[in-house]
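Below is run23.txt, holding compact mmCIF, C-alpha atoms.
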```txt
# COMPACT_ATOMS: atom_id res chain seq x y z
CA MET P 3 -3.49 -17.69 -16.41
CA VAL P 4 -3.13 -16.42 -12.84
CA PRO P 5 -2.35 -12.67 -12.87
CA MET P 6 1.13 -11.74 -11.63
CA SER P 7 1.21 -10.29 -8.12
CA PHE P 8 2.60 -6.80 -7.59
CA SER P 9 5.44 -8.33 -5.57
CA HIS P 10 6.31 -10.58 -8.50
CA GLU P 11 6.26 -7.59 -10.87
CA VAL P 12 8.77 -5.75 -8.69
CA LYS P 13 11.09 -8.77 -8.52
CA ARG P 14 10.87 -9.29 -12.29
CA GLU P 15 11.90 -5.69 -12.89
CA LEU P 16 14.77 -5.91 -10.39
CA ALA P 17 15.98 -9.18 -11.90
CA SER P 18 16.24 -7.51 -15.32
CA LEU P 19 18.49 -4.62 -14.22
CA ALA P 20 21.95 -4.37 -15.76
CA VAL P 21 24.81 -5.66 -13.62
CA GLN P 22 27.66 -3.36 -12.61
CA SER P 23 31.18 -3.90 -11.33
CA LYS P 24 32.25 -6.95 -9.30
CA LYS P 25 31.87 -5.22 -5.92
CA HIS P 26 28.24 -4.34 -6.76
CA ILE P 27 27.61 -7.89 -8.00
CA LEU P 28 29.07 -9.28 -4.79
CA SER P 29 26.92 -7.01 -2.62
CA GLU P 30 23.72 -8.07 -4.37
CA LEU P 31 24.75 -11.74 -4.20
CA PHE P 32 25.43 -11.32 -0.50
CA GLY P 33 21.92 -9.92 0.00
CA ILE P 34 20.29 -12.74 -1.97
CA LEU P 35 22.28 -15.70 -0.73
CA VAL P 36 22.77 -14.85 2.94
CA PHE P 37 19.06 -13.97 3.34
CA SER P 38 17.55 -16.87 1.41
CA GLY P 39 19.22 -20.17 2.24
CA THR P 40 21.60 -22.12 4.44
CA ILE P 41 25.38 -22.42 4.50
CA LEU P 42 27.03 -25.62 5.72
CA ASN P 43 30.71 -26.49 5.25
CA ASN P 44 31.09 -23.61 2.76
CA VAL P 45 28.25 -24.93 0.61
CA PHE P 46 25.23 -22.71 0.04
CA THR P 47 21.80 -24.22 -0.74
CA ALA P 48 18.43 -22.57 -1.31
CA SER P 49 15.13 -23.17 -3.05
CA PHE P 50 13.06 -20.66 -5.03
CA GLU P 51 9.70 -20.76 -6.81
CA ASN P 52 10.42 -17.55 -8.71
CA LYS P 53 12.41 -18.28 -11.88
CA ASP P 54 13.30 -14.58 -12.26
CA ILE P 55 15.34 -14.76 -9.04
CA ILE P 56 17.14 -17.90 -10.24
CA ASN P 57 17.96 -16.17 -13.54
CA ARG P 58 19.26 -13.16 -11.61
CA ILE P 59 21.50 -15.35 -9.44
CA LYS P 60 22.86 -17.07 -12.59
CA ILE P 61 23.63 -13.70 -14.21
CA LEU P 62 25.38 -12.46 -11.07
CA LEU P 63 27.40 -15.65 -10.55
CA ASN P 64 28.41 -15.83 -14.22
CA SER P 65 29.34 -12.12 -14.29
CA TYR P 66 31.46 -12.63 -11.20
CA GLY P 67 33.27 -15.55 -12.83
CA PHE P 68 31.56 -18.64 -11.39
CA LYS P 69 31.21 -21.62 -13.73
CA SER P 70 27.86 -23.36 -14.09
CA ASN P 71 27.86 -27.12 -13.33
CA LYS P 72 31.28 -26.77 -11.75
CA GLU P 73 31.02 -24.18 -9.00
CA TYR P 74 27.24 -23.87 -8.84
CA PHE P 75 24.30 -26.09 -9.76
CA ILE P 76 20.62 -25.35 -10.42
CA LYS P 77 18.04 -28.11 -10.42
CA LYS P 78 14.41 -27.69 -11.49
CA TYR P 79 11.76 -29.95 -10.05
CA LYS P 80 7.96 -30.10 -9.99
CA SER P 81 6.21 -29.40 -6.71
CA PRO P 82 2.49 -30.14 -6.15
CA SER P 83 1.50 -26.59 -7.13
CA ASN P 84 4.44 -25.19 -9.12
CA PHE P 85 7.98 -25.60 -10.37
CA ASN P 86 10.74 -25.08 -7.81
CA TYR P 87 14.42 -24.43 -8.34
CA ASN P 88 17.18 -25.65 -6.07
CA ILE P 89 20.52 -23.88 -6.22
CA THR P 90 23.83 -25.05 -4.76
CA VAL P 91 26.96 -22.88 -4.64
CA ASN P 92 30.24 -24.59 -3.68
CA ASN P 93 33.16 -22.88 -1.93
CA PHE P 94 30.88 -20.26 -0.48
CA ASN P 95 33.64 -18.85 1.71
CA PHE P 96 33.98 -15.90 -0.68
CA LEU P 97 30.98 -14.44 1.15
CA ASP P 98 30.85 -14.58 4.92
CA THR P 99 29.10 -12.36 7.42
CA LYS P 100 32.26 -10.27 7.77
CA TYR P 101 31.53 -9.01 4.26
CA TYR P 102 28.59 -7.10 5.70
CA GLN P 103 31.03 -4.79 7.46
CA TYR P 104 32.59 -4.05 4.09
CA ILE P 105 29.15 -3.06 2.75
CA LEU P 106 28.53 -0.79 5.76
CA ASN P 107 31.73 1.11 4.99
CA ASP P 108 30.72 1.82 1.38
CA GLU P 109 27.31 3.48 0.99
CA THR P 110 27.46 3.00 -2.81
CA LEU P 111 26.78 -0.70 -2.12
CA TYR P 112 23.63 -0.24 0.00
CA ALA P 113 21.22 -0.30 -2.96
CA ASP P 114 22.74 -3.52 -4.35
CA PHE P 115 22.64 -5.22 -0.96
CA LEU P 116 19.02 -4.18 -0.27
CA ARG P 117 17.96 -5.22 -3.77
CA GLY P 118 19.41 -8.65 -3.11
CA VAL P 119 17.66 -8.90 0.26
CA PHE P 120 14.31 -7.96 -1.28
CA LEU P 121 14.74 -10.57 -4.02
CA ALA P 122 15.61 -13.15 -1.36
CA CYS P 123 12.97 -12.60 1.30
CA GLY P 124 10.98 -9.45 0.51
CA SER P 125 7.37 -9.06 -0.51
CA ILE P 126 5.01 -6.17 -1.15
CA LEU P 127 1.23 -6.06 -1.20
CA ASN P 128 -0.67 -4.47 -4.05
CA PRO P 129 -1.17 -0.83 -2.92
CA GLU P 130 -4.77 -1.18 -4.13
CA ASN P 131 -5.35 -3.27 -0.99
CA GLU P 132 -2.83 -2.09 1.60
CA TYR P 133 0.49 -0.25 1.96
CA HIS P 134 2.76 -3.01 3.26
CA LEU P 135 6.29 -4.15 2.41
CA GLU P 136 8.08 -6.78 4.49
CA PHE P 137 11.19 -8.94 4.77
CA ASN P 138 10.84 -12.43 6.21
CA THR P 139 14.28 -13.22 7.69
CA TYR P 140 15.35 -16.47 9.33
CA SER P 141 17.81 -15.16 11.95
CA LYS P 142 18.09 -12.39 14.49
CA GLN P 143 21.50 -11.48 13.08
CA CYS P 144 20.08 -10.96 9.57
CA CYS P 145 17.25 -8.91 11.06
CA LYS P 146 19.76 -6.64 12.82
CA PHE P 147 21.88 -6.34 9.64
CA LEU P 148 18.88 -5.18 7.67
CA ILE P 149 17.55 -2.70 10.22
CA LYS P 150 21.01 -1.16 10.62
CA THR P 151 21.33 -0.70 6.84
CA PHE P 152 18.01 1.17 6.75
CA GLU P 153 19.10 3.37 9.65
CA ILE P 154 22.53 4.38 8.30
CA CYS P 155 21.54 4.64 4.62
CA PRO P 156 21.52 8.41 3.80
CA THR P 157 18.70 8.01 1.27
CA LEU P 158 16.39 5.99 3.53
CA ASN P 159 17.52 6.89 7.06
CA TYR P 160 14.65 5.39 9.06
CA THR P 161 14.05 2.42 11.32
CA PRO P 162 11.55 -0.12 9.98
CA SER P 163 9.23 -1.96 12.37
CA ALA P 164 10.12 -5.51 13.40
CA VAL P 165 8.29 -8.43 14.98
CA GLN P 166 9.17 -12.06 15.74
CA ARG P 167 6.79 -14.77 14.54
CA ARG P 168 7.82 -18.16 15.86
CA ASN P 169 11.33 -18.73 14.49
CA ARG P 170 11.18 -15.92 11.90
CA TYR P 171 12.02 -12.22 12.20
CA ILE P 172 9.76 -9.93 10.17
CA ILE P 173 10.81 -6.40 9.22
CA TYR P 174 8.12 -4.26 7.62
CA LEU P 175 7.08 -0.83 6.34
CA LYS P 176 3.52 0.48 6.18
CA ASN P 177 4.15 4.09 5.17
CA ASN P 178 3.52 4.49 1.42
CA GLU P 179 6.16 7.24 1.02
CA LYS P 180 8.83 5.10 2.71
CA ILE P 181 7.86 2.17 0.51
CA THR P 182 8.17 4.22 -2.69
CA ASP P 183 11.50 5.64 -1.45
CA PHE P 184 12.77 2.09 -0.90
CA LEU P 185 11.59 0.79 -4.30
CA THR P 186 13.14 3.79 -6.05
CA PHE P 187 16.40 3.29 -4.18
CA ILE P 188 16.79 -0.37 -5.21
CA GLY P 189 15.99 0.41 -8.86
CA SER P 190 12.34 -0.55 -9.39
CA GLN P 191 11.46 2.61 -11.35
CA GLN P 192 8.60 1.22 -13.45
CA CYS P 193 6.85 -0.39 -10.49
CA VAL P 194 7.28 2.80 -8.46
CA MET P 195 5.36 4.71 -11.16
CA LYS P 196 2.65 2.06 -11.13
CA TYR P 197 2.57 2.13 -7.31
CA ILE P 198 2.11 5.92 -7.28
CA GLN P 199 -0.62 5.75 -9.95
CA ILE P 200 -2.54 3.11 -7.98
CA LYS P 201 -2.12 5.18 -4.81
CA MET P 202 -3.46 8.32 -6.53
CA LEU P 203 -6.46 6.47 -8.01
CA LYS P 204 -7.17 4.94 -4.60
CA GLU P 205 -7.13 8.39 -2.95
CA VAL P 206 -9.43 9.83 -5.64
CA ARG P 207 -11.87 6.96 -5.16
CA ASN P 208 -11.77 7.41 -1.38
CA ASN P 209 -12.44 11.14 -1.74
CA ILE P 210 -15.38 10.44 -4.07
CA ASN P 211 -16.76 7.87 -1.63
CA ARG P 212 -16.43 10.30 1.28
CA SER P 213 -18.18 13.01 -0.74
CA THR P 214 -20.92 10.60 -1.81
CA ASN P 215 -21.42 9.40 1.77
CA PHE P 216 -21.63 13.01 2.96
CA GLU P 217 -24.17 13.88 0.27
CA THR P 218 -26.17 10.73 1.03
CA ALA P 219 -26.23 11.60 4.73
CA ASN P 220 -27.37 15.14 3.94
CA LEU P 221 -30.06 13.85 1.60
CA SER P 222 -31.26 11.48 4.28
CA LYS P 223 -31.49 14.35 6.80
CA ILE P 224 -33.40 16.49 4.27
CA THR P 225 -35.83 13.64 3.57
CA ILE P 226 -36.53 13.04 7.27
CA SER P 227 -37.04 16.74 7.98
CA SER P 228 -39.14 17.27 4.87
CA THR P 229 -41.43 14.37 5.77
CA GLU P 230 -42.10 15.97 9.15
CA HIS P 231 -42.76 19.36 7.55
CA VAL P 232 -45.15 18.01 4.90
CA LYS P 233 -47.04 15.93 7.48
CA ALA P 234 -47.58 19.01 9.68
CA ILE P 235 -48.62 21.21 6.74
CA LYS P 236 -51.14 18.65 5.44
CA LYS P 237 -52.65 18.32 8.92
CA ILE P 238 -53.18 22.09 9.11
CA GLN P 239 -54.51 22.07 5.54
CA LYS P 240 -57.05 19.38 6.41
CA ILE P 241 -58.24 20.80 9.75
CA THR P 242 -58.15 24.59 9.45
CA GLY P 243 -56.80 25.26 5.96
CA LEU P 244 -53.55 27.02 5.08
CA GLY P 245 -55.45 30.32 5.02
CA SER P 246 -55.50 30.14 8.83
CA LEU P 247 -51.74 30.67 8.90
CA PRO P 248 -50.02 34.06 8.95
CA GLU P 249 -49.07 35.09 5.40
CA CYS P 250 -45.33 34.41 5.88
CA LEU P 251 -45.95 30.90 7.24
CA LYS P 252 -48.49 30.22 4.50
CA GLU P 253 -45.91 31.09 1.79
CA THR P 254 -43.31 28.79 3.36
CA ALA P 255 -45.86 25.98 3.79
CA ILE P 256 -46.92 26.14 0.13
CA LEU P 257 -43.32 26.19 -1.07
CA ARG P 258 -42.44 23.20 1.11
CA ILE P 259 -45.40 21.19 -0.20
CA LYS P 260 -44.33 21.94 -3.78
CA ASN P 261 -40.62 21.28 -3.10
CA PRO P 262 -40.42 18.51 -0.49
CA TYR P 263 -36.83 17.39 -1.26
CA VAL P 264 -34.90 20.65 -1.44
CA SER P 265 -32.63 21.82 1.38
CA LEU P 266 -33.54 24.69 3.72
CA LYS P 267 -31.05 26.91 1.87
CA GLU P 268 -32.70 26.16 -1.46
CA LEU P 269 -36.14 26.58 0.04
CA ALA P 270 -35.15 30.03 1.37
CA GLU P 271 -34.09 31.10 -2.12
CA LEU P 272 -37.52 30.22 -3.53
CA HIS P 273 -39.32 32.86 -1.40
CA GLU P 274 -40.51 36.01 -3.15
CA ASN P 275 -38.87 38.19 -0.52
CA PRO P 276 -35.37 37.25 0.73
CA VAL P 277 -35.42 34.84 3.68
CA SER P 278 -32.42 33.33 5.44
CA LYS P 279 -31.94 29.60 5.98
CA SER P 280 -32.43 30.08 9.73
CA GLY P 281 -35.55 32.15 9.02
CA VAL P 282 -37.09 29.32 6.97
CA ASN P 283 -36.13 26.82 9.68
CA HIS P 284 -37.83 29.00 12.31
CA ARG P 285 -41.02 29.23 10.18
CA LEU P 286 -41.17 25.45 9.66
CA LYS P 287 -40.70 24.83 13.40
CA LYS P 288 -43.60 27.24 14.03
CA ILE P 289 -45.73 25.32 11.52
CA ILE P 290 -44.94 22.00 13.29
CA GLU P 291 -45.83 23.61 16.65
CA ILE P 292 -49.20 24.86 15.27
CA SER P 293 -49.92 21.40 13.84
CA SER P 294 -49.13 19.63 17.13
CA ASN P 295 -51.64 21.88 18.94
CA LEU P 296 -54.53 21.02 16.61
```
Any chance you could put this one into structure tokens?
Amino acid sequence: MVPMSFSHEVKRELASLAVQSKKHILSELFGILVFSGTILNNVFTASFENKDIINRIKILLNSYGFKSNKEYFIKKYKSPSNFNYNITVNNFNFLDTKYYQYILNDETLYADFLRGVFLACGSILNPENEYHLEFNTYSKQCCKFLIKTFEICPTLNYTPSAVQRRNRYIIYLKNNEKITDFLTFIGSQQCVMKYIQIKMLKEVRNNINRSTNFETANLSKITISSTEHVKAIKKIQKITGLGSLPECLKETAILRIKNPYVSLKELAELHENPVSKSGVNHRLKKIIEISSNL
């Protein structure tokens, strides 16, 4: 079985929410129907692959008082890759674009309207991969409706980005906090918790990776430096012997030979008498200079 996408999970949760009064039902229906299909001669038609959305539309229409097989029809058919559902709603004049003005004047309807729009044309990527939520709208007017709702909504109050791709108008968010605010606002509480958990795990992993990369880089630097130190010390040892070195350099040379992979700070702490990290570095540079002159 193909695992359910995060976007599908959100829509399933939204489709299961309890319905409210008729004005809230109408606002959600407006968001779904106006943003998902076509209206011709007061007849609405649309096609969906997601059965949860179809079930939500049925619940909303039935709760509002529409009669199945009389005022609306749903037909299931097999496509090459999946089942699709066609829906037809007759006498669609109960919702026209003027209704949007009614929504704008009642902020208690914003969440219902935006929930409907997300069910109709929204999608969200798994936050494991990328922070991205978008609405794929078919008209410039719908695009403007949606942006204006985001801007005037007291809870959201921001302007999403928008771009035109051929004959479609895409509105999107890439800020994870704005995305979680939006999902919370439209009622997807469970998926918001999952989204935040994934985000937190992702940040922890990124921090661990950064720390590991930093430590790996440091280890690489230590290895390169140590190789140079040991090479110089062994050359002196072979040609003149370590006894030819001043006592302080001799002590550092012996400690470096015995501890080739420790940092300069750790090497400094191994000396019998206290030596600073810069002091050890100075001694090793002196040893390399002596070796190069042999």
Task: Protein and nucleic acid residues near (-47.4, 15.9, 12.5) (cut-off 8 Å, all atoms listed in the file) as number ranges by chain - done: P: 230-231, 233-235, 237, 290, 293-294
Produce a file of the selected residues containing C-alpha atoms, as a tab-separated table (two decimals), in the frame of the given file.
```
chain	number	residue	atom	x	y	z
P	230	GLU	CA	-42.10	15.97	9.15
P	231	HIS	CA	-42.76	19.36	7.55
P	233	LYS	CA	-47.04	15.93	7.48
P	234	ALA	CA	-47.58	19.01	9.68
P	235	ILE	CA	-48.62	21.21	6.74
P	237	LYS	CA	-52.65	18.32	8.92
P	290	ILE	CA	-44.94	22.00	13.29
P	293	SER	CA	-49.92	21.40	13.84
P	294	SER	CA	-49.13	19.63	17.13
```
Once you add 8 Å to each side, what are the centre and edge lengths of the axis-aligned box holding all listed atoms of range 119-130 of chain P? One decimal in Å, as lines of an AutoDock Vina configuration file, if you can.
```
center_x = 6.4
center_y = -7.0
center_z = -1.4
size_x = 38.4
size_y = 28.3
size_z = 21.4
```
Open item on the list: Just the number, please: distance in Å from CA of Lys77 in chain P to CA of His10 in chain P, one decimal.
Closed with: 21.2 Å
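If you count only C-alpha atoms and ignore residues fewer than 3 places along the chain from Glu274 in chain P, what sits within 12 Å of it is Cys250, Glu253, Thr254, Leu257, Leu269, Ala270, Glu271 and Val277 of chain P.
The nearest approach to Glu15 in chain P among the residues P:Asn71, P:Ser190, P:Gln143, P:Gln103, with all atoms listed in the file taken into account, belongs to P:Ser190.
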Open item on the list: Report as JSON, numbers by chain all protein, DNA and RNA residues lying within 10 Å of Lys142 in chain P, evaluated on all atoms listed in the file, omitting residues in the same chain fewer than 5 positions from it.
Closed with: {"P": [147, 148, 166, 169, 170, 171, 172]}
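Take the candidates P:Tyr79, P:Phe120, P:Phe152, P:Phe94 and check each one against Ala17 in chain P using all atoms listed in the file; the shortest distance goes to P:Phe120.
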Write out as a compact mmCIF listing (two decimals) with C-alpha atoms, in the frame of the given file each polymer residue whose atoms come within 12 Å of Asn107 in chain P, counting all atoms listed in the file; drop sequence neighbours fewer than 4 positions from it.
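Written file, around-v9.txt:
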```txt
# COMPACT_ATOMS: atom_id res chain seq x y z
CA LYS P 100 32.26 -10.27 7.77
CA TYR P 101 31.53 -9.01 4.26
CA TYR P 102 28.59 -7.10 5.70
CA GLN P 103 31.03 -4.79 7.46
CA LEU P 111 26.78 -0.70 -2.12
CA TYR P 112 23.63 -0.24 0.00
CA THR P 151 21.33 -0.70 6.84
CA ILE P 154 22.53 4.38 8.30
CA CYS P 155 21.54 4.64 4.62
```
Task: Selected residue of minimal separation from Ala113 in chain P among P:Glu11, P:Glu30, P:Glu132, P:Glu205, counting only C-alpha atoms - done: P:Glu30
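Straight-line separation from CA of Tyr104 in chain P to CA of Ser29 in chain P: 9.3 Å.
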